[in-house]
Protein chains: 2
Amino acid sequence: MTIDNSYKDKKVITIGVVSELTGLSERQIRYYEERKLIFPERKEGKSRKYSFNDIETLIDIANKIEEGTQTYEIRQDMIKKQKLKDEKEIKKQMIQGQLNAHFGIQKKHYR
Amino acid sequence: MTIDNSYKDKKVITIGVVSELTGLSERQIRYYEERKLIFPERKEGKSRKYSFNDIETLIDIANKIEEGTQTYEIRQDMIKKQKLKDEKEIKKQMIQGQLNAHFGIQKKHYR
DNA sequence: CGTGTAAGGAATTCTGACACG
DNA sequence: CGTGTAAGGAATTCTGACACG
């Protein structure tokens, strides 16, 4: 689940290819960026570069819009989901911290 | 080993990005194509598109050339390796065929 | 042989704006 | 609100060629 993100997350695809792959117009793709739904990379005033992950996100966005969802709502949902994810991560780290405090040093004995 | 080739093999990257990612000049990248070492995709007279796999291949090529290997030799090696791979695949299928001929139908009884 | 470069053209991408609904 | 489009400019890519070694 955390393996091979190397390719999926690399922002290397131009908007033309993204358009072909998603079936969306370049106008739509740029607009969803304006509405803060996707975040292509841009080096020194150059052209936008997208990742395979961005493409999947775009397909999800397109589906939701077809269902009548507004970009604002989509954004709220994305923020909410991210928040939940962050909280889980923090909890996980806290529990790990507790465990380490109690058993961290002893661990060495087992190995 | 056969999972997630979906991204690695998709030809979606322009030559400019490939150049950045490999450190090779566009001239070099096009030349290696001329020497049949890489095979970008081109739709209707459009620009070349490369995959992440192509990028890895290019890095290997660059290393070999630095060592003094000529493009012709690199190509021969690639052909040889491909041949070995094909032969293994055929053998595998033949053995599978034999097994199926003997036990193929009975398999159903076990399940 | 492998690579650089200048040349001219074609295709791509970008932005800001007007339009419609 | 979400999307199309024409407009003009900038950046990208392409090919064939000459150059060097």
# chains A, B, ... in the order shown; residues from 1 in each chain; ligands from 1
>>> calpha_fit_and_write(fixed="chain B", moving="chain A", output="PDB file with C-alpha atoms, in the first residue's frame")
ATOM      1  CA  MET A   1       6.680  -8.542 -10.042  1.00  0.00           C
ATOM      2  CA  THR A   2       3.855  -8.246 -12.526  1.00  0.00           C
ATOM      3  CA  ILE A   3       1.809  -5.820 -10.485  1.00  0.00           C
ATOM      4  CA  ASP A   4       1.554  -2.098 -11.064  1.00  0.00           C
ATOM      5  CA  ASN A   5       3.160  -2.127 -14.479  1.00  0.00           C
ATOM      6  CA  SER A   6       0.154  -0.029 -15.334  1.00  0.00           C
ATOM      7  CA  TYR A   7       2.071   3.137 -14.580  1.00  0.00           C
ATOM      8  CA  LYS A   8       5.601   2.049 -15.347  1.00  0.00           C
ATOM      9  CA  ASP A   9       4.799   1.116 -18.905  1.00  0.00           C
ATOM     10  CA  LYS A  10       2.497   3.961 -19.859  1.00  0.00           C
ATOM     11  CA  LYS A  11       4.050   6.232 -22.445  1.00  0.00           C
ATOM     12  CA  VAL A  12       3.030   9.653 -21.250  1.00  0.00           C
ATOM     13  CA  ILE A  13       6.214  11.650 -20.660  1.00  0.00           C
ATOM     14  CA  THR A  14       7.572  14.229 -23.085  1.00  0.00           C
ATOM     15  CA  ILE A  15      11.197  14.365 -24.132  1.00  0.00           C
ATOM     16  CA  GLY A  16      11.858  17.509 -22.125  1.00  0.00           C
ATOM     17  CA  VAL A  17      10.906  15.823 -18.862  1.00  0.00           C
ATOM     18  CA  VAL A  18      12.832  12.696 -19.815  1.00  0.00           C
ATOM     19  CA  SER A  19      15.848  14.896 -20.408  1.00  0.00           C
ATOM     20  CA  GLU A  20      15.515  16.424 -16.937  1.00  0.00           C
ATOM     21  CA  LEU A  21      14.979  13.061 -15.273  1.00  0.00           C
ATOM     22  CA  THR A  22      17.874  11.306 -16.971  1.00  0.00           C
ATOM     23  CA  GLY A  23      20.303  14.170 -17.364  1.00  0.00           C
ATOM     24  CA  LEU A  24      20.653  13.300 -21.044  1.00  0.00           C
ATOM     25  CA  SER A  25      20.269  15.823 -23.841  1.00  0.00           C
ATOM     26  CA  GLU A  26      17.291  15.572 -26.178  1.00  0.00           C
ATOM     27  CA  ARG A  27      19.785  14.919 -28.936  1.00  0.00           C
ATOM     28  CA  GLN A  28      21.100  11.879 -27.106  1.00  0.00           C
ATOM     29  CA  ILE A  29      17.642  10.559 -26.375  1.00  0.00           C
ATOM     30  CA  ARG A  30      16.605  10.840 -30.013  1.00  0.00           C
ATOM     31  CA  TYR A  31      19.837   9.260 -31.138  1.00  0.00           C
ATOM     32  CA  TYR A  32      19.331   6.201 -28.943  1.00  0.00           C
ATOM     33  CA  GLU A  33      15.964   5.815 -30.582  1.00  0.00           C
ATOM     34  CA  GLU A  34      17.613   5.992 -33.997  1.00  0.00           C
ATOM     35  CA  ARG A  35      19.912   3.185 -32.838  1.00  0.00           C
ATOM     36  CA  LYS A  36      16.854   1.152 -31.815  1.00  0.00           C
ATOM     37  CA  LEU A  37      17.544   1.162 -28.089  1.00  0.00           C
ATOM     38  CA  ILE A  38      14.303   2.788 -27.007  1.00  0.00           C
ATOM     39  CA  PHE A  39      10.879   3.026 -28.574  1.00  0.00           C
ATOM     40  CA  PRO A  40       8.771   6.015 -27.608  1.00  0.00           C
ATOM     41  CA  GLU A  41       5.196   6.209 -28.721  1.00  0.00           C
ATOM     42  CA  ARG A  42       3.941   8.704 -31.270  1.00  0.00           C
ATOM     43  CA  LYS A  43       0.324   9.286 -32.146  1.00  0.00           C
ATOM     44  CA  GLU A  44      -0.410  10.835 -35.555  1.00  0.00           C
ATOM     45  CA  GLY A  45       2.794  12.668 -36.202  1.00  0.00           C
ATOM     46  CA  LYS A  46       2.774  14.055 -32.715  1.00  0.00           C
ATOM     47  CA  SER A  47       5.630  14.326 -30.274  1.00  0.00           C
ATOM     48  CA  ARG A  48       7.366  11.392 -28.629  1.00  0.00           C
ATOM     49  CA  LYS A  49       6.041   9.979 -25.362  1.00  0.00           C
ATOM     50  CA  TYR A  50       8.130   7.902 -22.979  1.00  0.00           C
ATOM     51  CA  SER A  51       7.363   5.632 -20.004  1.00  0.00           C
ATOM     52  CA  PHE A  52       9.111   5.387 -16.633  1.00  0.00           C
ATOM     53  CA  ASN A  53      10.486   2.124 -17.935  1.00  0.00           C
ATOM     54  CA  ASP A  54      12.038   3.961 -20.863  1.00  0.00           C
ATOM     55  CA  ILE A  55      13.676   6.334 -18.410  1.00  0.00           C
ATOM     56  CA  GLU A  56      15.240   3.445 -16.520  1.00  0.00           C
ATOM     57  CA  THR A  57      16.433   1.934 -19.754  1.00  0.00           C
ATOM     58  CA  LEU A  58      17.961   5.251 -20.760  1.00  0.00           C
ATOM     59  CA  ILE A  59      19.878   5.456 -17.501  1.00  0.00           C
ATOM     60  CA  ASP A  60      21.253   1.963 -18.119  1.00  0.00           C
ATOM     61  CA  ILE A  61      22.231   2.948 -21.642  1.00  0.00           C
ATOM     62  CA  ALA A  62      23.962   6.079 -20.412  1.00  0.00           C
ATOM     63  CA  ASN A  63      25.996   4.034 -17.941  1.00  0.00           C
ATOM     64  CA  LYS A  64      27.084   1.560 -20.567  1.00  0.00           C
ATOM     65  CA  ILE A  65      28.101   4.293 -22.965  1.00  0.00           C
ATOM     66  CA  GLU A  66      30.154   5.913 -20.252  1.00  0.00           C
ATOM     67  CA  GLU A  67      31.940   2.609 -19.869  1.00  0.00           C
ATOM     68  CA  GLY A  68      32.791   2.772 -23.539  1.00  0.00           C
ATOM     69  CA  THR A  69      30.197   0.351 -24.863  1.00  0.00           C
ATOM     70  CA  GLN A  70      28.916   1.142 -28.356  1.00  0.00           C
ATOM     71  CA  THR A  71      25.230   1.461 -29.103  1.00  0.00           C
ATOM     72  CA  TYR A  72      25.476  -1.521 -31.450  1.00  0.00           C
ATOM     73  CA  GLU A  73      26.710  -3.789 -28.659  1.00  0.00           C
ATOM     74  CA  ILE A  74      24.085  -2.492 -26.283  1.00  0.00           C
ATOM     75  CA  ARG A  75      21.477  -3.370 -28.850  1.00  0.00           C
ATOM     76  CA  GLN A  76      22.870  -6.879 -29.340  1.00  0.00           C
ATOM     77  CA  ASP A  77      22.766  -7.435 -25.590  1.00  0.00           C
ATOM     78  CA  MET A  78      19.193  -6.258 -25.414  1.00  0.00           C
ATOM     79  CA  ILE A  79      18.168  -8.604 -28.221  1.00  0.00           C
ATOM     80  CA  LYS A  80      19.963 -11.494 -26.547  1.00  0.00           C
ATOM     81  CA  LYS A  81      18.278 -10.856 -23.233  1.00  0.00           C
ATOM     82  CA  GLN A  82      14.892 -10.616 -24.883  1.00  0.00           C
ATOM     83  CA  LYS A  83      15.500 -13.904 -26.668  1.00  0.00           C
ATOM     84  CA  LEU A  84      16.345 -15.710 -23.440  1.00  0.00           C
ATOM     85  CA  LYS A  85      13.241 -14.284 -21.848  1.00  0.00           C
ATOM     86  CA  ASP A  86      11.052 -15.433 -24.746  1.00  0.00           C
ATOM     87  CA  GLU A  87      12.504 -18.937 -24.632  1.00  0.00           C
ATOM     88  CA  LYS A  88      11.836 -19.239 -20.960  1.00  0.00           C
ATOM     89  CA  GLU A  89       8.270 -18.129 -21.528  1.00  0.00           C
ATOM     90  CA  ILE A  90       7.780 -20.734 -24.252  1.00  0.00           C
ATOM     91  CA  LYS A  91       9.214 -23.514 -22.105  1.00  0.00           C
ATOM     92  CA  LYS A  92       6.988 -22.484 -19.268  1.00  0.00           C
ATOM     93  CA  GLN A  93       3.945 -22.650 -21.509  1.00  0.00           C
ATOM     94  CA  MET A  94       4.945 -26.022 -22.919  1.00  0.00           C
ATOM     95  CA  ILE A  95       5.326 -27.530 -19.472  1.00  0.00           C
ATOM     96  CA  GLN A  96       2.030 -26.001 -18.494  1.00  0.00           C
ATOM     97  CA  GLY A  97       0.499 -27.541 -21.602  1.00  0.00           C
ATOM     98  CA  GLN A  98       1.836 -30.979 -20.657  1.00  0.00           C
ATOM     99  CA  LEU A  99       0.507 -30.645 -17.154  1.00  0.00           C
ATOM    100  CA  ASN A 100      -2.867 -29.565 -18.411  1.00  0.00           C
ATOM    101  CA  ALA A 101      -2.999 -32.498 -20.833  1.00  0.00           C
ATOM    102  CA  HIS A 102      -2.422 -34.932 -18.001  1.00  0.00           C
ATOM    103  CA  PHE A 103      -4.115 -33.339 -15.069  1.00  0.00           C
ATOM    104  CA  GLY A 104      -6.053 -30.450 -16.449  1.00  0.00           C
ATOM    105  CA  ILE A 105      -9.469 -32.035 -16.340  1.00  0.00           C
ATOM    106  CA  GLN A 106      -8.920 -33.792 -13.043  1.00  0.00           C
ATOM    107  CA  LYS A 107      -8.140 -30.482 -11.443  1.00  0.00           C
ATOM    108  CA  LYS A 108     -11.828 -29.851 -11.281  1.00  0.00           C
ATOM    109  CA  HIS A 109     -12.239 -32.741  -8.900  1.00  0.00           C
ATOM    110  CA  TYR A 110     -10.006 -31.156  -6.322  1.00  0.00           C
ATOM    111  CA  ARG A 111     -11.946 -27.954  -6.256  1.00  0.00           C
TER     112      ARG A 111
END
>>> interface_residues(of="chain D", to="chain B", cutoff="8 Å", atoms="only C-alpha atoms (C1' of nucleotides)", output="JSON, numbers by chain")
{"D": [12, 13, 14]}
>>> write_last_selection(atoms="N, CA, C and O atoms (P, O5', C5', C4', C3', O3' and C1' of nucleotides)", output="short mmCIF file (atom, residue, chain, number, x, y, z; two decimals), in the first residue's frame")
data_model
loop_
_atom_site.label_atom_id
_atom_site.label_comp_id
_atom_site.auth_asym_id
_atom_site.auth_seq_id
_atom_site.Cartn_x
_atom_site.Cartn_y
_atom_site.Cartn_z
P DT D 12 10.02 25.23 -22.13
"O5'" DT D 12 9.49 24.30 -23.30
"C5'" DT D 12 8.14 23.85 -23.26
"C4'" DT D 12 7.91 22.87 -24.37
"C3'" DT D 12 9.07 21.89 -24.61
"O3'" DT D 12 8.52 20.58 -24.59
"C1'" DT D 12 8.40 22.92 -26.64
P DT D 13 9.42 19.27 -24.75
"O5'" DT D 13 9.32 18.99 -26.31
"C5'" DT D 13 8.05 18.81 -26.90
"C4'" DT D 13 8.19 18.59 -28.38
"C3'" DT D 13 9.35 17.66 -28.76
"O3'" DT D 13 8.80 16.57 -29.51
"C1'" DT D 13 9.37 19.64 -30.07
P DC D 14 9.77 15.49 -30.18
"O5'" DC D 14 9.90 16.06 -31.67
"C5'" DC D 14 8.72 16.40 -32.37
"C4'" DC D 14 9.06 16.70 -33.81
"C3'" DC D 14 10.24 15.86 -34.29
"O3'" DC D 14 9.95 15.09 -35.43
"C1'" DC D 14 10.63 18.17 -34.69
#
>>> select_by_dssp(residues="segment 21-108 of chain A", states="alpha helix (DSSP H)", output="number ranges by chain")
A: 21-22, 26-34, 52-66, 71-103, 107-108
>>> write_last_selection(atoms="C-alpha atoms", output="PDB file, in the first residue's frame")
ATOM      1  CA  LEU A  21      -6.288  10.139 -20.508  1.00  0.00           C
ATOM      2  CA  THR A  22      -9.207  11.646 -18.624  1.00  0.00           C
ATOM      3  CA  GLU A  26      -7.764  21.465 -20.818  1.00  0.00           C
ATOM      4  CA  ARG A  27     -10.138  24.205 -19.760  1.00  0.00           C
ATOM      5  CA  GLN A  28     -11.787  21.891 -17.262  1.00  0.00           C
ATOM      6  CA  ILE A  29      -8.489  20.656 -15.908  1.00  0.00           C
ATOM      7  CA  ARG A  30      -7.225  24.189 -15.352  1.00  0.00           C
ATOM      8  CA  TYR A  31     -10.499  25.198 -13.781  1.00  0.00           C
ATOM      9  CA  TYR A  32     -10.359  22.391 -11.225  1.00  0.00           C
ATOM     10  CA  GLU A  33      -6.943  23.667 -10.290  1.00  0.00           C
ATOM     11  CA  GLU A  34      -8.373  27.156  -9.852  1.00  0.00           C
ATOM     12  CA  PHE A  52      -0.962   9.466 -12.363  1.00  0.00           C
ATOM     13  CA  ASN A  53      -2.507  10.168  -8.994  1.00  0.00           C
ATOM     14  CA  ASP A  54      -3.740  13.515 -10.270  1.00  0.00           C
ATOM     15  CA  ILE A  55      -5.329  11.726 -13.204  1.00  0.00           C
ATOM     16  CA  GLU A  56      -7.218   9.403 -10.881  1.00  0.00           C
ATOM     17  CA  THR A  57      -8.335  12.337  -8.804  1.00  0.00           C
ATOM     18  CA  LEU A  58      -9.542  14.110 -11.927  1.00  0.00           C
ATOM     19  CA  ILE A  59     -11.623  11.109 -12.932  1.00  0.00           C
ATOM     20  CA  ASP A  60     -13.226  11.097  -9.482  1.00  0.00           C
ATOM     21  CA  ILE A  61     -13.919  14.808  -9.767  1.00  0.00           C
ATOM     22  CA  ALA A  62     -15.472  14.376 -13.189  1.00  0.00           C
ATOM     23  CA  ASN A  63     -17.796  11.692 -11.842  1.00  0.00           C
ATOM     24  CA  LYS A  64     -18.919  13.827  -8.946  1.00  0.00           C
ATOM     25  CA  ILE A  65     -19.581  16.802 -11.174  1.00  0.00           C
ATOM     26  CA  GLU A  66     -21.656  14.635 -13.455  1.00  0.00           C
ATOM     27  CA  THR A  71     -16.587  22.003  -6.942  1.00  0.00           C
ATOM     28  CA  TYR A  72     -16.927  23.700  -3.555  1.00  0.00           C
ATOM     29  CA  GLU A  73     -18.492  20.601  -2.006  1.00  0.00           C
ATOM     30  CA  ILE A  74     -15.916  18.357  -3.603  1.00  0.00           C
ATOM     31  CA  ARG A  75     -13.240  20.493  -2.042  1.00  0.00           C
ATOM     32  CA  GLN A  76     -14.869  20.353   1.395  1.00  0.00           C
ATOM     33  CA  ASP A  77     -15.025  16.571   1.159  1.00  0.00           C
ATOM     34  CA  MET A  78     -11.388  16.381   0.200  1.00  0.00           C
ATOM     35  CA  ILE A  79     -10.387  18.565   3.143  1.00  0.00           C
ATOM     36  CA  LYS A  80     -12.494  16.469   5.497  1.00  0.00           C
ATOM     37  CA  LYS A  81     -10.960  13.243   4.287  1.00  0.00           C
ATOM     38  CA  GLN A  82      -7.475  14.657   4.615  1.00  0.00           C
ATOM     39  CA  LYS A  83      -8.231  15.769   8.158  1.00  0.00           C
ATOM     40  CA  LEU A  84      -9.398  12.309   9.189  1.00  0.00           C
ATOM     41  CA  LYS A  85      -6.291  10.822   7.661  1.00  0.00           C
ATOM     42  CA  ASP A  86      -4.034  13.256   9.530  1.00  0.00           C
ATOM     43  CA  GLU A  87      -5.757  12.531  12.832  1.00  0.00           C
ATOM     44  CA  LYS A  88      -5.327   8.837  12.399  1.00  0.00           C
ATOM     45  CA  GLU A  89      -1.659   9.360  11.662  1.00  0.00           C
ATOM     46  CA  ILE A  90      -1.215  11.449  14.806  1.00  0.00           C
ATOM     47  CA  LYS A  91      -2.982   8.887  16.977  1.00  0.00           C
ATOM     48  CA  LYS A  92      -0.850   6.168  15.518  1.00  0.00           C
ATOM     49  CA  GLN A  93       2.295   8.100  16.343  1.00  0.00           C
ATOM     50  CA  MET A  94       1.121   8.858  19.867  1.00  0.00           C
ATOM     51  CA  ILE A  95       0.426   5.211  20.591  1.00  0.00           C
ATOM     52  CA  GLN A  96       3.768   4.331  19.103  1.00  0.00           C
ATOM     53  CA  GLY A  97       5.352   6.937  21.355  1.00  0.00           C
ATOM     54  CA  GLN A  98       3.701   5.407  24.426  1.00  0.00           C
ATOM     55  CA  LEU A  99       4.847   1.960  23.450  1.00  0.00           C
ATOM     56  CA  ASN A 100       8.362   3.163  22.874  1.00  0.00           C
ATOM     57  CA  ALA A 101       8.407   4.916  26.252  1.00  0.00           C
ATOM     58  CA  HIS A 102       7.480   1.694  27.996  1.00  0.00           C
ATOM     59  CA  PHE A 103       9.119  -0.963  25.935  1.00  0.00           C
ATOM     60  CA  LYS A 107      13.136  -4.209  22.643  1.00  0.00           C
ATOM     61  CA  LYS A 108      16.846  -4.505  22.227  1.00  0.00           C
TER      62      LYS A 108
END
>>> select_by_dssp(residues="chain A", states="strand (DSSP E or B)", output="JSON, numbers by chain")
{"A": [13, 41, 49, 50]}
>>> write_last_selection(atoms="N, CA, C and O atoms", output="short mmCIF file (atom, residue, chain, number, x, y, z; two decimals), in the first residue's frame")
data_model
loop_
_atom_site.label_atom_id
_atom_site.label_comp_id
_atom_site.auth_asym_id
_atom_site.auth_seq_id
_atom_site.Cartn_x
_atom_site.Cartn_y
_atom_site.Cartn_z
N ILE A 13 3.52 14.55 -16.28
CA ILE A 13 2.64 14.47 -17.44
C ILE A 13 2.08 15.84 -17.81
O ILE A 13 1.61 16.57 -16.95
N GLU A 41 2.42 20.56 -10.72
CA GLU A 41 3.70 21.15 -10.38
C GLU A 41 4.12 22.08 -11.51
O GLU A 41 3.85 21.81 -12.67
N LYS A 49 2.64 20.13 -14.74
CA LYS A 49 2.95 18.71 -14.82
C LYS A 49 2.11 17.97 -13.80
O LYS A 49 2.04 18.37 -12.64
N TYR A 50 1.48 16.88 -14.27
CA TYR A 50 0.58 16.10 -13.42
C TYR A 50 1.11 14.70 -13.18
O TYR A 50 1.91 14.18 -13.97
#
>>> atom_distance(atom1="atom C1' of DT5 of chain C", atom2="atom C1' of DA19 of chain D")
8.7 Å
